[in-house]
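Text of the file input_2.txt, holding compact mmCIF, C-alpha atoms:
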```txt
# COMPACT_ATOMS: atom_id res chain seq x y z
CA ALA C 1 -22.85 10.66 -21.20
CA VAL C 2 -21.93 14.37 -21.11
CA ALA C 3 -24.51 15.60 -23.62
CA GLY C 4 -26.28 18.66 -22.26
CA CYS C 5 -23.79 19.12 -19.41
CA GLU C 6 -22.18 22.46 -18.63
CA PHE C 7 -19.64 21.00 -16.19
CA VAL C 8 -17.95 17.59 -15.94
CA HIS C 9 -15.99 16.06 -13.07
CA HIS C 10 -13.48 13.34 -13.94
CA VAL C 11 -12.77 11.92 -10.51
CA ALA C 12 -10.75 8.72 -10.71
CA SER C 13 -8.09 6.61 -12.35
CA PRO C 14 -6.74 3.21 -11.27
CA PHE C 15 -5.17 3.15 -7.78
CA PRO C 16 -4.45 -0.48 -6.86
CA ALA C 17 -3.13 -1.53 -3.46
CA ALA C 18 -0.23 -3.48 -4.98
CA LEU C 19 2.29 -2.55 -7.66
CA PRO C 20 1.17 -3.54 -11.18
CA LYS C 21 3.16 -5.98 -13.29
CA HIS C 22 3.83 -3.13 -15.72
CA GLU C 23 3.46 0.62 -15.15
CA ASP C 24 1.35 0.98 -18.33
CA GLU C 25 -1.48 -0.82 -16.52
CA LEU C 26 -1.93 2.47 -14.64
CA ILE C 27 -0.45 5.03 -17.04
CA ILE C 28 -2.51 4.21 -20.12
CA PRO C 29 -5.98 4.26 -18.52
CA ALA C 30 -5.09 7.36 -16.46
CA ARG C 31 -3.75 9.40 -19.38
CA GLU C 32 -6.04 8.13 -22.12
CA GLY C 33 -9.05 8.19 -19.80
CA ALA C 34 -8.48 11.87 -19.03
CA LEU C 35 -8.09 12.73 -22.70
CA ARG C 36 -11.19 10.73 -23.61
CA VAL C 37 -13.25 12.73 -21.10
CA LEU C 38 -11.82 16.03 -22.37
CA ARG C 39 -12.53 15.17 -26.01
CA ALA C 40 -16.08 14.10 -25.20
CA ALA C 41 -16.62 17.26 -23.16
CA ARG C 42 -15.31 19.47 -25.94
CA ALA C 43 -17.49 17.73 -28.52
CA ALA C 44 -20.57 18.17 -26.32
CA GLY C 45 -19.93 21.87 -25.72
CA VAL C 46 -19.12 21.47 -22.03
CA LYS C 47 -17.84 24.70 -20.45
CA ARG C 48 -15.45 23.32 -17.81
CA VAL C 49 -13.93 20.02 -16.71
CA VAL C 50 -12.71 19.54 -13.14
CA LEU C 51 -10.09 16.79 -13.06
CA THR C 52 -9.20 14.97 -9.86
CA SER C 53 -5.44 14.75 -9.99
CA SER C 54 -3.34 14.09 -6.87
CA PHE C 55 -0.49 15.30 -4.70
CA ALA C 56 1.17 12.35 -6.43
CA ALA C 57 1.52 14.69 -9.43
CA ILE C 58 3.34 17.27 -7.29
CA GLY C 59 5.74 15.76 -4.77
CA TYR C 60 7.25 12.56 -6.20
CA GLY C 61 10.35 11.56 -8.14
CA ARG C 62 12.26 14.61 -7.02
CA ALA C 63 14.34 15.86 -4.11
CA PRO C 64 12.33 17.48 -1.29
CA ILE C 65 11.90 21.21 -1.78
CA GLY C 66 11.48 22.09 1.90
CA ASP C 67 8.54 22.00 4.28
CA ARG C 68 5.89 23.18 1.83
CA TYR C 69 4.77 22.33 -1.68
CA ASP C 70 2.52 24.44 -3.87
CA GLU C 71 0.74 24.22 -7.21
CA THR C 72 3.77 25.35 -9.21
CA VAL C 73 5.59 22.10 -8.42
CA TRP C 74 5.36 18.94 -10.53
CA SER C 75 6.48 15.39 -9.89
CA ASP C 76 9.30 14.22 -12.16
CA ALA C 77 7.77 11.49 -14.30
CA THR C 78 11.18 10.75 -15.84
CA SER C 79 12.79 9.87 -12.51
CA PRO C 80 13.87 6.22 -12.18
CA THR C 81 12.61 6.29 -8.58
CA ILE C 82 9.01 7.33 -9.26
CA ALA C 83 6.42 4.61 -8.68
CA PRO C 84 3.77 3.71 -11.30
CA TYR C 85 0.85 5.45 -9.56
CA PRO C 86 2.48 8.89 -9.12
CA LYS C 87 3.84 8.58 -12.65
CA SER C 88 0.37 7.82 -14.01
CA LYS C 89 -1.21 10.80 -12.22
CA THR C 90 1.56 13.13 -13.37
CA LEU C 91 1.38 12.08 -17.01
CA ALA C 92 -2.43 12.19 -16.99
CA GLU C 93 -2.57 15.72 -15.60
CA ARG C 94 0.21 16.91 -17.90
CA ALA C 95 -1.70 15.49 -20.88
CA ALA C 96 -4.90 17.23 -19.76
CA TRP C 97 -3.24 20.64 -19.48
CA ASP C 98 -1.50 20.14 -22.80
CA PHE C 99 -4.85 19.34 -24.43
CA VAL C 100 -6.57 22.54 -23.26
CA ASN C 101 -3.56 24.84 -23.60
CA ASN C 102 -1.80 23.61 -26.73
CA THR C 103 -4.28 21.93 -29.08
CA PRO C 104 -6.82 23.59 -31.38
CA GLU C 105 -9.59 21.22 -30.30
CA GLY C 106 -9.10 21.98 -26.59
CA ARG C 107 -8.69 25.74 -26.66
CA HIS C 108 -12.35 26.55 -25.92
CA LEU C 109 -12.54 24.15 -22.96
CA GLN C 110 -11.86 25.28 -19.39
CA LEU C 111 -9.94 23.01 -17.01
CA ALA C 112 -9.30 23.03 -13.27
CA THR C 113 -7.54 20.31 -11.31
CA ILE C 114 -7.80 19.26 -7.68
CA ASN C 115 -4.64 17.66 -6.22
CA PRO C 116 -5.59 15.98 -2.94
CA GLY C 117 -3.20 14.39 -0.50
CA PHE C 118 -4.16 11.28 1.47
CA ILE C 119 -7.97 11.35 1.56
CA ALA C 120 -9.63 10.20 4.79
CA GLY C 121 -13.09 10.51 6.24
CA PRO C 122 -16.60 9.04 6.04
CA LEU C 123 -17.27 6.41 3.40
CA SER C 124 -20.20 6.52 1.01
CA GLY C 125 -20.49 2.73 0.71
CA PRO C 126 -18.96 -0.65 1.56
CA ASP C 127 -16.01 -0.27 -0.84
CA ILE C 128 -13.33 1.36 1.29
CA GLY C 129 -10.80 1.74 -1.54
CA THR C 130 -7.02 1.69 -1.41
CA SER C 131 -6.66 4.82 0.74
CA GLY C 132 -9.22 3.51 3.20
CA GLU C 133 -7.25 0.31 3.52
CA VAL C 134 -4.55 2.21 5.42
CA VAL C 135 -7.08 2.92 8.16
CA GLY C 136 -8.66 -0.52 7.75
CA ARG C 137 -5.38 -2.30 8.35
CA LEU C 138 -4.85 -0.34 11.53
CA LEU C 139 -8.33 -1.07 12.83
CA ARG C 140 -8.03 -4.78 11.97
CA ARG C 141 -4.56 -4.93 13.57
CA GLU C 142 -3.08 -6.49 10.44
CA LEU C 143 0.25 -4.89 11.32
CA PRO C 144 2.00 -5.51 14.65
CA ALA C 145 3.03 -1.84 14.82
CA CYS C 146 3.09 1.28 12.65
CA PRO C 147 5.69 1.65 9.90
CA LYS C 148 7.34 5.04 9.62
CA LEU C 149 5.15 6.17 6.76
CA GLY C 150 3.29 9.42 6.61
CA PHE C 151 0.91 11.42 4.45
CA ALA C 152 -0.34 14.95 3.89
CA THR C 153 -3.96 14.30 4.83
CA VAL C 154 -7.24 15.87 3.77
CA ASP C 155 -10.87 15.24 4.71
CA VAL C 156 -12.93 13.78 1.88
CA ARG C 157 -15.63 16.37 2.57
CA ASP C 158 -13.13 19.16 1.97
CA VAL C 159 -12.09 17.51 -1.30
CA ALA C 160 -15.76 17.48 -2.34
CA ILE C 161 -16.11 21.18 -1.48
CA ALA C 162 -12.97 21.92 -3.50
CA HIS C 163 -14.51 20.23 -6.53
CA ARG C 164 -17.71 22.20 -6.14
CA LEU C 165 -15.86 25.52 -5.83
CA ALA C 166 -13.61 24.67 -8.77
CA THR C 167 -16.82 24.27 -10.75
CA GLU C 168 -18.65 27.37 -9.51
CA VAL C 169 -15.91 30.00 -9.17
CA ALA C 170 -15.08 31.70 -12.46
CA GLU C 171 -11.45 32.37 -11.50
CA ALA C 172 -10.82 28.67 -10.87
CA ALA C 173 -10.48 27.99 -14.60
CA GLY C 174 -6.89 27.28 -15.56
CA GLN C 175 -5.84 26.59 -11.97
CA ARG C 176 -4.42 23.67 -9.97
CA PHE C 177 -5.57 23.36 -6.35
CA LEU C 178 -3.44 21.44 -3.89
CA ALA C 179 -5.78 20.05 -1.22
CA ALA C 180 -3.72 18.69 1.63
CA GLY C 181 -3.07 19.53 5.25
CA ASP C 182 -0.02 18.93 7.37
CA HIS C 183 1.99 15.73 7.28
CA LEU C 184 0.63 13.01 9.56
CA TRP C 185 2.58 9.91 10.53
CA MET C 186 0.80 6.56 10.47
CA GLN C 187 1.57 6.22 14.17
CA ASP C 188 -0.26 9.49 14.81
CA MET C 189 -3.22 8.19 12.81
CA ALA C 190 -3.27 5.04 14.95
CA ARG C 191 -3.27 7.09 18.14
CA ILE C 192 -6.20 9.18 16.91
CA LEU C 193 -8.10 6.01 16.00
CA ALA C 194 -7.29 4.43 19.36
CA ALA C 195 -8.56 7.48 21.22
CA ASP C 196 -11.75 7.76 19.17
CA LEU C 197 -12.63 4.10 18.61
CA GLY C 198 -11.02 2.37 21.57
CA PRO C 199 -14.29 2.56 23.55
CA GLU C 200 -15.97 0.65 20.70
CA GLY C 201 -13.51 -2.21 20.98
CA PHE C 202 -10.94 -1.30 18.32
CA ARG C 203 -7.29 -1.64 19.30
CA PRO C 204 -5.10 -0.24 16.51
CA PRO C 205 -1.37 -0.81 17.05
CA THR C 206 0.33 2.38 18.20
CA GLY C 207 3.93 1.16 18.48
CA SER C 208 6.67 1.82 15.94
CA LEU C 209 7.58 -0.83 13.34
CA PRO C 210 11.27 -0.85 12.36
CA TYR C 211 11.94 -0.40 8.66
CA ALA C 212 13.81 -3.71 8.43
CA VAL C 213 10.73 -5.58 9.65
CA LEU C 214 8.51 -3.79 7.16
CA TRP C 215 10.94 -4.56 4.33
CA LEU C 216 10.97 -8.24 5.26
CA ALA C 217 7.16 -8.39 5.47
CA SER C 218 6.88 -6.70 2.06
CA ARG C 219 8.62 -9.70 0.49
CA PHE C 220 5.43 -11.65 1.24
CA ASP C 221 2.74 -8.95 0.99
CA ALA C 222 2.53 -7.02 -2.27
CA SER C 223 0.46 -4.21 -0.77
CA LEU C 224 3.13 -3.55 1.88
CA LYS C 225 5.70 -3.34 -0.91
```

The structure in this file should be written as structure tokens.
Amino acid sequence: AVAGCEFVHHVASPFPAALPKHEDELIIPAREGALRVLRAARAAGVKRVVLTSSFAAIGYGRAPIGDRYDETVWSDATSPTIAPYPKSKTLAERAAWDFVNNTPEGRHLQLATINPGFIAGPLSGPDIGTSGEVVGRLLRRELPACPKLGFATVDVRDVAIAHRLATEVAEAAGQRFLAAGDHLWMQDMARILAADLGPEGFRPPTGSLPYAVLWLASRFDASLK
């Protein structure tokens, strides 16, 4: 698939809405999938691979470090509190950097990683994905109010530009690029949606959902958990 390519983008690993029965359902395909792409790229003489990692590989399983994170920070994959998805993204990106930096077969291959936060924006098709479901649930009023959850958000078009620049710019090789804006509460997202799409008939809930109610609902809805 990569024969004759100068650049390769590896853009996804499993991101289900609900927790898996076992963390290896996410870890193995994320880590081994990344290594499979890198090995194929190296064998085909590819110059550079751009790997879509995640903020999940930066800010999870560890105590907060303040108001800002940067590319020098890594999630703690050994933490007992880290969830399977952040753990899978952390181990996959670690394995990719280890391959290009510490193995004879990977030493001639360039790598850059993009670490997006919560990706929002226009969809390219009918599959809205797990991230899109956050917005979808608000628009469908599947929650009576907004839980106190928040995300560092980024526009999908900016993520695409970051991938292109990580491919084209020579100095991008060997770099991680955190692509995320300021923290945005789910309630703020609902208010933006209400202002923009209210005239079209959408009525996202803009009230605040107490944590105890969310916890109780999560006992019956795996995606809320």

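Comparing the minimum interatomic distances between Ala92 (chain C) and each of C:Asp221, C:Thr52, C:Met189, C:Val156, counting all atoms listed in the file, we find that C:Thr52 sits nearest.
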
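Between Pro204 (chain C) and the residues C:Ala17, C:Val134, C:Val159, C:Val2, the shortest atom-to-atom distance, using all atoms listed in the file, involves C:Val134.
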
Quick one: everything within 10 Å of region 136-140 of chain C, counting only C-alpha atoms, minus sequence neighbours fewer than 4 positions away in the same chain. Send it as JSON, numbers by chain. {"C": [128, 129, 130, 131, 132, 144, 145, 146, 186, 187, 189, 190, 193, 194, 197, 198, 201, 202, 203, 204, 205, 206]}

Rounded to one decimal, what separation in Å do you get between CA of Gln110 (chain C) and CA of Lys89 (chain C)? 19.4 Å

Who sits within 10 Å of region 210-214 of chain C, only C-alpha atoms, same chain under 5 positions skipped, as a ChimeraX atom specification: /C:143,145-149,219,221,224-225

Point out the residue among C:Gly125, C:Glu93, C:Gly117, C:Leu19 with the least atom-to-atom distance to Tyr69 (chain C), counting only C-alpha atoms. C:Gly117

Interatomic distance between CA of Thr72 (chain C) and CA of Glu6 (chain C)? 27.8 Å

With all atoms listed in the file as the basis for distance, which of C:Val50, C:Ala179, C:Val37, C:Leu216 is at the shortest distance from Ala1 (chain C)?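 Between C:Val50, C:Ala179, C:Val37, C:Leu216, the residue approaching Ala1 (chain C) most closely is C:Val37.
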
Would you work out the distance separating CA of Phe118 (chain C) from CA of Ala222 (chain C), expressed in Å to one decimal?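 CA of Phe118 (chain C) sits 19.8 Å away from CA of Ala222 (chain C).
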
Surrounding residues of region 96-104 of chain C excluding itself and chain neighbours under 5 positions, 10 Å, all atoms listed in the file, as an MDAnalysis selection string: chainID C and resid 31:39 42 49 51 90:91 109:113 174:175

Between C:Ala18, C:Ala173, C:Ala12, C:Leu178, which is the closest to Ala57 (chain C) once you count only C-alpha atoms? C:Leu178

Near Pro20 (chain C), within 12 Å and counting only C-alpha atoms, which residues show up once chain neighbours fewer than 4 positions away are dropped, as a ChimeraX atom specification? /C:14-16,24-27,83-85,88,222-223,225

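For the choices C:Ala166, C:Ile161, C:Gly150, C:Asp155, the atom-to-atom distance to Asp188 (chain C) is smallest for C:Gly150 when using all atoms listed in the file.
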